[in-house]
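Q: Got a structure here, written out as structure tokens. Questions coming.
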2 protein chains.
Amino acid sequence: MNGNKLDFLKDKRLLLVDDEPELLDMIESILQDEGFSSIRKVPTRKEALEQCRIYKPEIAILDVMLPDGDGFSLFKEMRRILDIPVLFLTAKDQPEDLFTGLGLGADDYMVKPFLPRELILRLYAILRRCYKTDDSLITLDECIIDIGKAEVSRKGTVFPLTAKEVGILTTLYKAGNRIVTIDFLCNSVWGDNRYGYENSLMAHIRRIREKIEENPSSPALLVTIKGLGYKLNV
Amino acid sequence: MNGNKLDFLKDKRLLLVDDEPELLDMIESILQDEGFSSIRKVPTRKEALEQCRIYKPEIAILDVMLPDGDGFSLFKEMRRILDIPVLFLTAKDQPEDLFTGLGLGADDYMVKPFLPRELILRLYAILRRCYKTDDSLITLDECIIDIGKAEVSRKGTVFPLTAKEVGILTTLYKAGNRIVTIDFLCNSVWGDNRYGYENSLMAHIRRIREKIEENPSSPALLVTIKGLGYKLNV
DNA sequence: GACAACCTTACTTTTACCTTACATTTGATT
DNA sequence: AATCAAATGTAAGGTAAAAGTAAGGTTGTC
């Protein structure tokens, strides 16, 4: 697991929720030793939900027991905000908990105390499956978009991409050639609850089209679905 | 787990590999009871590889101990043919096996003897993540409506849907092939307490029928219930 | 057969988005 | 601190697809 092929998984944003500070610190150090760079830990249900909104974690490790509510109801609330994989932890070796957790739609389940190595491995197993397409290379017909290098190459010419352009393209790509609403795009590029950037988005869309499209005025790759949003054809 | 939302997972092709025929039969009956319809079981590494080529399973449950080689090397060979999720089984409660399995890239790991229910739940957890559906896909006979992409495909042709069309179809679909009144449809598409759009709705219904119906003038999918409303046959 | 509910089509209007040129911000460099 | 270039944001007129309208036609029910 020390190869470089899965290193991008270490950049994923993790959220740890547990009421015991010692355990929280322990897990954090296990994960840091493994190379995970973006970890946020909170002790309560309330803070967990807050972090879901502002931090937008890509995976969560939840304790079943929390001071202000159980992990299961937290899980359900989280799923309404984000569709991220979840690994449950429980102190009690009660099979009931396992069934409840997995039955709700959790991705894995571990009983405390656990071996650090097992946590790491199960974490990788989940991340691998959920985020395997993070090669950051988007191939659309004759056009190759390299998110990592922030450039587009088409017909032998290389066009550089700006930060906002990369943000927009990434959001569109992650949607998996489904329609992304203008609101969602604005939120993911400029941050939550920000309005008034619709026109700016439009200007960016135009600039992107001038780089990726054969004919920017009648786009074939980044298309408009009037009244609904934009779509990237992959 | 008996809801109908995850029923499509039960159609997935499963491959069981274990050298003990009793265990093989036991797992098969557990899975059959749950509703899994496509199960193939083999006792050897050699046959497992053969099945990967001809049966093309969508998930595999592998025993670590096999008469003609261990499960780990089988796993590596399988991955060269198919990139499917794998759940390992082991009789020995050796942590080493767990690390080897997950380290290689397996998706989950269970120690025998296990609870049938846990197997089922872990299986669902893996399948859900690997084959998560587009919940916005409506299949009506020969016609597939993709709400997320706002398009309808019928007989190989793809027709785009407009915003209002998507709204109407979504409302009809959510009603679950029950009759939806014209008032209700208008309210859900144009907003509450708005009248005077009945005729506009009719025009939209016509346009939808031209996209989804074989014969738009005698509809079979989006039918009129005179005096009551419209109904989507699912 | 008379009425009402709904269909159908062509036509008009509107809205959501396009486009372009220009203004402002950001951030690197001296 | 000043300068400059690149990136980003803004404004405004333009446009085509989508939505709405109207009017004559059709179907089913009492």
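By convention in this document, the chains of the structure tokens carry letters A, B, ... by their order, each chain's residues are numbered from 1, and ligands are numbered from 1 in the order they are shown.
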Can you tell me, as a list in words, what residues are no more than 8 Å from Ile126 of chain B when counting only C-alpha atoms (C1' of nucleotides), ignoring any on the same chain fewer than 4 positions away?
A: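 Result of the neighbour search: Asp107 of chain A; Pro85, Asp107, Asp108, Arg122 and Cys130 of chain B.
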Q: Counting only C-alpha atoms (C1' of nucleotides), what are the residues of chain A within 9 Å of chain C, and for each of them which pair of atoms is the nearest and at what distance in Å, to one decimal? Sort the table by chain and rising number, as a tab-separated table.
A:
residue	atom	partner	partner_atom	distance
A:Met202	CA	C:DC17	C1'	8.2
A:Ala203	CA	C:DT19	C1'	8.8
A:Arg206	CA	C:DT19	C1'	8.5
A:Ser217	CA	C:DC18	C1'	8.3
A:Thr224	CA	C:DC17	C1'	8.5
A:Lys226	CA	C:DA16	C1'	6.6
A:Gly227	CA	C:DA16	C1'	6.6
Q: Could you please tell me, as a list in words, which residues of chain B have an atom within 12 Å of chain D when using only C-alpha atoms (C1' of nucleotides)?
A: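 Listed by rising number, the hits are Leu161, Thr162, Ala163, Lys164, Glu165, Trp190, Gly196, Tyr197, Glu198, Asn199, Ser200, Leu201, Met202, Ala203, His204, Arg207, Ser217, Ser218, Thr224, Ile225, Lys226 and Gly227 of chain B.
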Q: Looking at only C-alpha atoms, which of B:Val86, B:Ile179, B:Ile138, B:Ile208 is the one that sits closest to chain A?
A: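 The shortest atom-to-atom distance to chain A comes from B:Val86.
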Q: Could you tell me how far atom CA of Tyr55 of chain A lies from atom CA of Ser37 of chain A, in Å and to one decimal?
A: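 Atom CA of Ser37 of chain A lies 13.8 Å from atom CA of Tyr55 of chain A.
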Q: Both chains have the same sequence, so superpose chain A on chain B over all Cα atoms paired in order and return it as a compact mmCIF listing (two decimals) with C-alpha atoms, in the first residue's frame.
A:
# COMPACT_ATOMS: atom_id res chain seq x y z
CA MET A 1 -36.82 -13.72 6.20
CA ASN A 2 -39.48 -15.75 4.41
CA GLY A 3 -42.03 -13.01 4.53
CA ASN A 4 -43.13 -11.49 1.28
CA LYS A 5 -42.10 -7.96 2.16
CA LEU A 6 -38.51 -8.47 1.07
CA ASP A 7 -39.21 -10.81 -1.81
CA PHE A 8 -38.32 -8.18 -4.37
CA LEU A 9 -34.73 -8.42 -3.16
CA LYS A 10 -34.62 -11.95 -4.54
CA ASP A 11 -35.02 -10.57 -8.04
CA LYS A 12 -31.77 -8.61 -7.78
CA ARG A 13 -29.03 -9.60 -10.19
CA LEU A 14 -26.13 -11.15 -8.28
CA LEU A 15 -22.60 -11.64 -9.51
CA LEU A 16 -20.33 -14.25 -7.88
CA VAL A 17 -16.61 -14.13 -8.55
CA ASP A 18 -14.43 -16.95 -7.24
CA ASP A 19 -11.76 -19.14 -8.76
CA GLU A 20 -12.92 -22.32 -7.04
CA PRO A 21 -15.76 -23.89 -9.03
CA GLU A 22 -16.97 -25.96 -6.06
CA LEU A 23 -17.37 -22.90 -3.86
CA LEU A 24 -19.07 -21.05 -6.70
CA ASP A 25 -21.57 -23.90 -7.06
CA MET A 26 -22.06 -24.10 -3.33
CA ILE A 27 -22.84 -20.41 -2.97
CA GLU A 28 -25.13 -20.57 -5.97
CA SER A 29 -27.12 -23.41 -4.46
CA ILE A 30 -27.36 -21.63 -1.11
CA LEU A 31 -28.72 -18.56 -2.85
CA GLN A 32 -31.03 -20.52 -5.12
CA ASP A 33 -32.48 -22.36 -2.13
CA GLU A 34 -33.21 -18.99 -0.58
CA GLY A 35 -35.06 -17.99 -3.72
CA PHE A 36 -32.61 -15.76 -5.54
CA SER A 37 -33.45 -16.00 -9.19
CA SER A 38 -30.77 -14.14 -11.07
CA ILE A 39 -27.27 -15.37 -10.34
CA ARG A 40 -24.25 -15.24 -12.58
CA LYS A 41 -20.91 -16.79 -11.61
CA VAL A 42 -17.50 -16.21 -13.14
CA PRO A 43 -14.03 -17.43 -12.14
CA THR A 44 -11.86 -14.55 -13.34
CA ARG A 45 -11.34 -10.84 -12.99
CA LYS A 46 -11.65 -10.38 -16.73
CA GLU A 47 -15.00 -12.10 -16.98
CA ALA A 48 -16.23 -10.24 -13.93
CA LEU A 49 -15.61 -6.89 -15.62
CA GLU A 50 -17.28 -8.12 -18.77
CA GLN A 51 -20.37 -9.14 -16.80
CA CYS A 52 -20.47 -5.73 -15.14
CA ARG A 53 -20.93 -4.21 -18.55
CA ILE A 54 -23.43 -6.60 -20.06
CA TYR A 55 -25.25 -8.13 -17.07
CA LYS A 56 -25.22 -5.04 -14.86
CA PRO A 57 -25.37 -6.86 -11.53
CA GLU A 58 -26.98 -5.16 -8.55
CA ILE A 59 -24.68 -6.74 -5.97
CA ALA A 60 -21.40 -8.63 -6.17
CA ILE A 61 -19.71 -11.24 -4.00
CA LEU A 62 -15.98 -11.21 -4.69
CA ASP A 63 -13.22 -13.52 -3.61
CA VAL A 64 -10.03 -11.72 -2.67
CA MET A 65 -7.90 -14.30 -4.44
CA LEU A 66 -8.33 -14.60 -8.18
CA PRO A 67 -6.16 -16.20 -10.87
CA ASP A 68 -5.75 -13.04 -12.94
CA GLY A 69 -5.49 -10.35 -10.28
CA ASP A 70 -6.69 -9.75 -6.74
CA GLY A 71 -10.24 -8.94 -5.73
CA PHE A 72 -9.29 -5.49 -4.50
CA SER A 73 -8.08 -4.18 -7.82
CA LEU A 74 -11.10 -5.81 -9.45
CA PHE A 75 -13.26 -3.96 -6.95
CA LYS A 76 -11.73 -0.64 -7.89
CA GLU A 77 -12.21 -1.30 -11.58
CA MET A 78 -15.79 -2.36 -11.03
CA ARG A 79 -16.60 0.79 -9.14
CA ARG A 80 -15.59 2.76 -12.17
CA ILE A 81 -18.32 0.98 -14.14
CA LEU A 82 -21.04 0.40 -11.55
CA ASP A 83 -21.75 1.68 -8.06
CA ILE A 84 -23.06 -1.54 -6.58
CA PRO A 85 -22.61 -3.01 -3.10
CA VAL A 86 -19.86 -5.58 -2.71
CA LEU A 87 -19.29 -8.37 -0.21
CA PHE A 88 -15.77 -9.74 0.02
CA LEU A 89 -14.81 -13.34 0.73
CA THR A 90 -11.42 -14.49 1.86
CA ALA A 91 -9.89 -17.83 2.70
CA LYS A 92 -7.11 -16.36 4.73
CA ASP A 93 -8.07 -15.18 8.16
CA GLN A 94 -5.85 -12.16 7.75
CA PRO A 95 -7.10 -8.99 9.39
CA GLU A 96 -5.14 -7.05 6.77
CA ASP A 97 -7.50 -8.23 4.06
CA LEU A 98 -10.52 -7.18 6.05
CA PHE A 99 -9.09 -3.70 6.51
CA THR A 100 -8.16 -3.38 2.89
CA GLY A 101 -11.58 -4.48 1.69
CA LEU A 102 -13.69 -2.37 3.99
CA GLY A 103 -11.26 0.51 3.69
CA LEU A 104 -11.72 0.57 -0.06
CA GLY A 105 -15.43 0.92 0.32
CA ALA A 106 -16.75 -2.62 0.40
CA ASP A 107 -20.02 -3.20 2.19
CA ASP A 108 -19.20 -6.35 4.11
CA TYR A 109 -16.59 -8.99 4.53
CA MET A 110 -16.72 -12.70 5.33
CA VAL A 111 -14.06 -15.25 6.14
CA LYS A 112 -14.22 -18.71 4.59
CA PRO A 113 -15.50 -21.12 5.65
CA PHE A 114 -18.73 -19.40 6.59
CA LEU A 115 -22.19 -20.50 7.57
CA PRO A 116 -24.64 -20.41 4.65
CA ARG A 117 -27.20 -18.71 6.83
CA GLU A 118 -24.79 -15.94 7.72
CA LEU A 119 -24.10 -15.26 4.06
CA ILE A 120 -27.81 -15.03 3.34
CA LEU A 121 -28.42 -12.72 6.26
CA ARG A 122 -25.55 -10.41 5.47
CA LEU A 123 -26.67 -10.32 1.86
CA TYR A 124 -30.17 -9.30 2.91
CA ALA A 125 -28.74 -6.66 5.26
CA ILE A 126 -26.86 -5.05 2.39
CA LEU A 127 -29.65 -5.34 -0.17
CA ARG A 128 -32.23 -3.98 2.23
CA ARG A 129 -30.23 -0.83 2.78
CA CYS A 130 -29.26 -0.31 -0.81
CA TYR A 131 -32.54 -1.09 -2.52
CA LYS A 132 -35.16 -0.38 0.07
CA THR A 133 -37.19 1.95 -2.12
CA ASP A 134 -38.24 -0.64 -4.61
CA ASP A 135 -41.92 -0.25 -3.93
CA SER A 136 -42.30 0.64 -7.62
CA LEU A 137 -44.84 3.31 -6.79
CA ILE A 138 -43.77 6.78 -7.81
CA THR A 139 -45.90 9.59 -6.49
CA LEU A 140 -45.44 12.89 -8.24
CA ASP A 141 -47.81 15.51 -7.00
CA GLU A 142 -51.29 14.56 -8.27
CA CYS A 143 -49.89 11.77 -10.38
CA ILE A 144 -49.20 8.19 -9.31
CA ILE A 145 -47.01 6.00 -11.48
CA ASP A 146 -47.24 2.30 -10.79
CA ILE A 147 -44.25 0.65 -12.42
CA GLY A 148 -45.36 -2.85 -11.44
CA LYS A 149 -48.78 -2.42 -13.05
CA ALA A 150 -47.37 -0.20 -15.80
CA GLU A 151 -49.98 2.48 -15.37
CA VAL A 152 -50.37 6.08 -14.41
CA SER A 153 -53.33 7.47 -12.54
CA ARG A 154 -54.05 11.14 -12.50
CA LYS A 155 -57.26 12.85 -11.50
CA GLY A 156 -59.10 9.56 -11.35
CA THR A 157 -58.16 8.52 -14.86
CA VAL A 158 -55.84 5.59 -15.47
CA PHE A 159 -53.47 5.62 -18.45
CA PRO A 160 -51.54 2.49 -19.44
CA LEU A 161 -47.78 2.69 -19.91
CA THR A 162 -45.85 0.90 -22.62
CA ALA A 163 -42.63 -1.05 -22.10
CA LYS A 164 -40.31 1.72 -23.25
CA GLU A 165 -42.18 4.27 -21.19
CA VAL A 166 -41.73 2.13 -18.09
CA GLY A 167 -38.03 1.76 -18.88
CA ILE A 168 -37.51 5.48 -19.24
CA LEU A 169 -39.46 6.31 -16.10
CA THR A 170 -37.62 3.69 -14.07
CA THR A 171 -34.24 5.03 -15.14
CA LEU A 172 -35.28 8.57 -14.37
CA TYR A 173 -36.68 7.58 -11.00
CA LYS A 174 -33.60 5.62 -9.97
CA ALA A 175 -31.50 8.71 -10.58
CA GLY A 176 -33.28 10.30 -7.64
CA ASN A 177 -34.44 13.58 -9.15
CA ARG A 178 -31.08 14.30 -10.65
CA ILE A 179 -30.46 14.98 -14.30
CA VAL A 180 -30.10 11.95 -16.56
CA THR A 181 -28.31 12.51 -19.83
CA ILE A 182 -29.90 11.49 -23.10
CA ASP A 183 -27.02 9.10 -23.73
CA PHE A 184 -27.53 7.38 -20.42
CA LEU A 185 -31.25 7.07 -20.99
CA CYS A 186 -30.74 5.60 -24.46
CA ASN A 187 -28.20 3.15 -23.12
CA SER A 188 -30.40 1.98 -20.31
CA VAL A 189 -33.43 1.55 -22.54
CA TRP A 190 -31.96 0.27 -25.81
CA GLY A 191 -28.74 -1.27 -24.50
CA ASP A 192 -25.13 -0.25 -24.51
CA ASN A 193 -23.38 1.46 -27.36
CA ARG A 194 -26.48 2.14 -29.35
CA TYR A 195 -26.89 5.45 -31.01
CA GLY A 196 -29.53 6.93 -33.22
CA TYR A 197 -32.43 6.64 -30.82
CA GLU A 198 -32.37 10.20 -29.55
CA ASN A 199 -35.37 11.19 -31.58
CA SER A 200 -37.27 8.11 -30.62
CA LEU A 201 -36.56 8.91 -27.00
CA MET A 202 -38.00 12.36 -27.58
CA ALA A 203 -41.19 10.90 -28.97
CA HIS A 204 -41.47 8.66 -25.90
CA ILE A 205 -40.86 11.59 -23.59
CA ARG A 206 -43.71 13.41 -25.30
CA ARG A 207 -46.02 10.41 -24.86
CA ILE A 208 -45.08 10.08 -21.21
CA ARG A 209 -45.75 13.77 -20.69
CA GLU A 210 -49.18 13.41 -22.23
CA LYS A 211 -49.96 10.84 -19.56
CA ILE A 212 -48.36 12.33 -16.48
CA GLU A 213 -48.42 16.08 -17.05
CA GLU A 214 -51.22 18.54 -16.55
CA ASN A 215 -49.88 20.53 -19.48
CA PRO A 216 -47.55 18.35 -21.57
CA SER A 217 -46.08 21.30 -23.45
CA SER A 218 -44.89 23.04 -20.33
CA PRO A 219 -43.94 20.09 -18.17
CA ALA A 220 -43.61 20.33 -14.40
CA LEU A 221 -42.71 16.74 -13.51
CA LEU A 222 -40.56 15.45 -16.35
CA VAL A 223 -38.53 18.50 -17.25
CA THR A 224 -35.87 19.17 -19.85
CA ILE A 225 -32.53 20.67 -18.88
CA LYS A 226 -31.34 21.88 -22.23
CA GLY A 227 -27.89 20.58 -23.12
CA LEU A 228 -27.81 18.23 -20.13
CA GLY A 229 -30.75 15.86 -20.15
CA TYR A 230 -34.06 15.14 -18.43
CA LYS A 231 -35.08 15.20 -14.80
CA LEU A 232 -38.00 13.75 -12.88
CA ASN A 233 -39.15 16.02 -10.08
CA VAL A 234 -40.04 14.00 -6.99
Q: Segment 45-202 of chain A: which residues are strand (DSSP E or B) by DSSP, as JSON, numbers by chain?
A: {"A": [59, 60, 61, 62, 63, 86, 87, 88, 89, 90, 108, 109, 110, 111, 137, 138, 139, 140, 143, 144, 145, 146, 151, 152, 153, 154, 157, 158, 159, 160, 180]}
Q: Suppose we keep N, CA and C atoms; can you now write the selection as a compact mmCIF listing (two decimals), in the first residue's frame?
A:
# COMPACT_ATOMS: atom_id res chain seq x y z
N ILE A 59 -15.00 11.12 2.89
CA ILE A 59 -15.30 9.86 3.59
C ILE A 59 -15.43 10.20 5.08
N ALA A 60 -16.27 9.44 5.77
CA ALA A 60 -16.46 9.71 7.19
C ALA A 60 -16.30 8.43 8.00
N ILE A 61 -15.71 8.56 9.18
CA ILE A 61 -15.63 7.47 10.15
C ILE A 61 -16.46 7.91 11.35
N LEU A 62 -17.54 7.20 11.60
CA LEU A 62 -18.47 7.62 12.65
C LEU A 62 -18.53 6.62 13.79
N ASP A 63 -18.51 7.14 15.00
CA ASP A 63 -18.79 6.29 16.15
C ASP A 63 -20.30 6.16 16.28
N VAL A 86 -19.19 5.77 4.33
CA VAL A 86 -19.12 5.88 5.78
C VAL A 86 -18.66 4.56 6.40
N LEU A 87 -17.75 4.67 7.35
CA LEU A 87 -17.30 3.49 8.10
C LEU A 87 -17.73 3.70 9.55
N PHE A 88 -18.44 2.72 10.08
CA PHE A 88 -18.91 2.84 11.46
C PHE A 88 -17.95 2.20 12.45
N LEU A 89 -17.88 2.79 13.63
CA LEU A 89 -17.10 2.22 14.73
C LEU A 89 -18.05 1.98 15.88
N THR A 90 -17.85 0.88 16.60
CA THR A 90 -18.65 0.69 17.79
C THR A 90 -17.82 0.03 18.88
N ASP A 108 -18.81 0.11 5.66
CA ASP A 108 -18.08 -0.90 6.43
C ASP A 108 -18.32 -0.64 7.91
N TYR A 109 -17.83 -1.54 8.71
CA TYR A 109 -18.16 -1.54 10.11
C TYR A 109 -17.01 -2.17 10.87
N MET A 110 -16.55 -1.50 11.94
CA MET A 110 -15.47 -2.09 12.74
C MET A 110 -15.78 -2.01 14.22
N VAL A 111 -15.33 -3.04 14.93
CA VAL A 111 -15.59 -3.12 16.36
C VAL A 111 -14.33 -2.69 17.11
N LEU A 137 -7.56 12.80 -15.87
CA LEU A 137 -7.44 12.97 -17.31
C LEU A 137 -8.80 12.72 -17.93
N ILE A 138 -9.37 13.75 -18.51
CA ILE A 138 -10.68 13.62 -19.11
C ILE A 138 -10.53 13.60 -20.62
N THR A 139 -10.94 12.53 -21.24
CA THR A 139 -10.82 12.45 -22.69
C THR A 139 -12.19 12.60 -23.32
N LEU A 140 -12.35 13.66 -24.06
CA LEU A 140 -13.62 13.92 -24.73
C LEU A 140 -13.35 13.98 -26.23
N CYS A 143 -10.40 15.74 -27.73
CA CYS A 143 -9.94 16.74 -26.78
C CYS A 143 -9.56 16.09 -25.45
N ILE A 144 -8.34 16.38 -24.98
CA ILE A 144 -7.89 15.79 -23.71
C ILE A 144 -7.70 16.89 -22.67
N ILE A 145 -8.44 16.77 -21.57
CA ILE A 145 -8.34 17.76 -20.51
C ILE A 145 -7.53 17.16 -19.37
N ASP A 146 -6.44 17.80 -19.05
CA ASP A 146 -5.60 17.33 -17.95
C ASP A 146 -5.79 18.26 -16.76
N GLU A 151 -4.46 21.88 -18.26
CA GLU A 151 -4.39 22.24 -19.68
C GLU A 151 -5.23 21.32 -20.55
N VAL A 152 -5.55 21.85 -21.69
CA VAL A 152 -6.37 21.13 -22.66
C VAL A 152 -5.56 20.97 -23.93
N SER A 153 -5.53 19.75 -24.48
CA SER A 153 -4.87 19.62 -25.77
C SER A 153 -5.85 19.11 -26.81
N ARG A 154 -5.87 19.81 -27.90
CA ARG A 154 -6.79 19.47 -28.97
C ARG A 154 -6.09 19.75 -30.29
N THR A 157 -2.61 21.28 -30.35
CA THR A 157 -2.39 22.55 -29.66
C THR A 157 -2.72 22.39 -28.18
N VAL A 158 -1.97 23.06 -27.33
CA VAL A 158 -2.22 23.00 -25.90
C VAL A 158 -2.69 24.36 -25.40
N PHE A 159 -3.86 24.37 -24.75
CA PHE A 159 -4.39 25.60 -24.18
C PHE A 159 -4.32 25.51 -22.66
N PRO A 160 -3.87 26.54 -21.99
CA PRO A 160 -3.86 26.48 -20.52
C PRO A 160 -5.25 26.75 -19.96
N VAL A 180 -25.72 19.29 -14.59
CA VAL A 180 -25.39 19.98 -13.34
C VAL A 180 -26.08 21.35 -13.40
Q: Assign secondary structure with DSSP using the backbone only, and return the residues of segment 7-225 of chain B in helix (DSSP H, G or I) as a PyMOL selection string.
A: chain B and resi 7-11+21-34+45-54+71-81+95-104+116-130+163-174+182-190+198-212
